[in-house]
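Report on one structure; see the data block that follows.
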Amino acid sequence: MGLFGLLLVLHILSSIAFIGPAFVTPIIRRSARTVGQMHFVLGITAKLAIMPKIGGTVLILTGVGLMIITKMGLSQMWLNVSILLALILVALIDGWIEPRMKKVRKTISERQDQGDQIPAEFGLLLKKIVPAETAVLLLMIAVLVLMVVKPF
C-alpha cells in the first residue's frame, strides 16, 4: 500500500470517527429517564465528544495530503462544496450546540441531588438543540455523499 492508499484509509477512518458520535449521541441522550441516568449519559457523551475533534483534525490533514498527492487542489466543485459544508458543521457544533449542551450539563448537575425527576427546563433546553443537531446530521450526510459520489 502506497502513501495514497494509507492516506485514503486514514481519511475514511477519521470520517467515521468524525461522523459516528453525531449519530449516536442523540440516541444515547434520549434513553435517559432519570436525573442519575441523564448525568451518566451526559458524562458518556462528553467523553465521546473527543472523537469528532480528533477525527476532524486527522480528516483535514489526510484530505490536504490527498489533495497534494493527486494535484487536485481546489479545482473540483464537489470538494469546494464539501469544505464549505464542513466549515458550517464546525460552526454549528462549536458555536450553537456545545454552548447549549454546557447549560444542559449544568442544569442536570445542579439537580442531581433533588430526586429522580428530570427537570422541565431540561426538555426546553434540549428542544433548542434538536434542530441544530438535525441540521448537523443532514450536513454530514451531504458531505459524505459528495465525497463518495463526487457529482460535479
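Chain labels A, B, ... are given in the sequence in which chains occur in the C-alpha cells; within each chain residues are numbered consecutively from 1, and ligands are likewise numbered from 1 in the order shown.
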Need the shell around Leu89 (chain A): protein/DNA/RNA residues with any atom at most 12 Å away, counting only C-alpha atoms. Skip same-chain ones fewer than 4 positions apart. Format as a PyMOL selection string? chain A and resi 18-19+22+52+56+82-85+93-97+132-143
List the spatial neighbours of Leu59 (chain A) as a PDB file with N, CA and C atoms, in the first residue's frame - criterion: any atom at most 7 Å away, only C-alpha atoms, same-chain residues fewer than 4 positions off excluded.
ATOM      1  N   HIS A  11      -8.146   8.640   5.995  1.00  0.00           N
ATOM      2  CA  HIS A  11      -9.197   9.621   5.726  1.00  0.00           C
ATOM      3  C   HIS A  11     -10.578   9.011   5.981  1.00  0.00           C
ATOM      4  N   SER A  14     -10.988   8.347   9.786  1.00  0.00           N
ATOM      5  CA  SER A  14     -11.207   9.596  10.521  1.00  0.00           C
ATOM      6  C   SER A  14     -12.596  10.164  10.246  1.00  0.00           C
ATOM      7  N   SER A  15     -13.134   9.922   9.050  1.00  0.00           N
ATOM      8  CA  SER A  15     -14.504  10.376   8.782  1.00  0.00           C
ATOM      9  C   SER A  15     -15.502   9.610   9.638  1.00  0.00           C
ATOM     10  N   GLY A  55     -10.930  13.041  15.050  1.00  0.00           N
ATOM     11  CA  GLY A  55     -11.278  12.600  13.704  1.00  0.00           C
ATOM     12  C   GLY A  55     -11.288  13.750  12.711  1.00  0.00           C
ATOM     13  N   GLY A  63      -7.041  14.827   4.172  1.00  0.00           N
ATOM     14  CA  GLY A  63      -7.669  15.426   2.986  1.00  0.00           C
ATOM     15  C   GLY A  63      -6.712  16.339   2.248  1.00  0.00           C
TER      16      GLY A  63
END
Tell me which protein, DNA and RNA residues are within 12 Å of Ala46 (chain A), counting only C-alpha atoms, leaving out same-chain ones fewer than 6 positions away, and put them as a list in words. Pro21, Ala22, Thr25, Ile28, Arg29, Met38, His39, Phe40, Pro52, Lys53, Glu98, Met101, Lys102, Val104 and Arg105 of chain A
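Interatomic distance, CA of Leu3 (chain A) to CA of Val81 (chain A): 25.5 Å.
Neighbours of Gly5 (chain A) closer than or equal to 12 Å, with only C-alpha atoms counted and sequence neighbours fewer than 3 positions away skipped, come out as Met1, Gly2, Leu8, Val9, Leu10, His11, Ile12, Thr62, Gly65, Leu66, Ile69 and Thr70 of chain A.
CA of Leu124 (chain A) is positioned 14.6 Å from CA of Pro99 (chain A).
CA of Met51 (chain A) to CA of Val90 (chain A) spans 13.7 Å [interatomic distance, one decimal].
In this comparison, which uses only C-alpha atoms, the residue of A:Ala32, A:Leu74, A:Val24, A:Leu7 approaching Val58 (chain A) most closely is A:Leu7.
Closest to Met147 (chain A) among A:Ala86, A:Leu79, A:Leu126, A:Thr107 is A:Leu79, based on only C-alpha atoms.
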Can you pull out every residue from chain A that DSSP, working from the backbone, puts in alpha helix (DSSP H), and format the result as a PyMOL selection string? chain A and resi 3-30+35-48+50-70+77-92+98-111+120-149
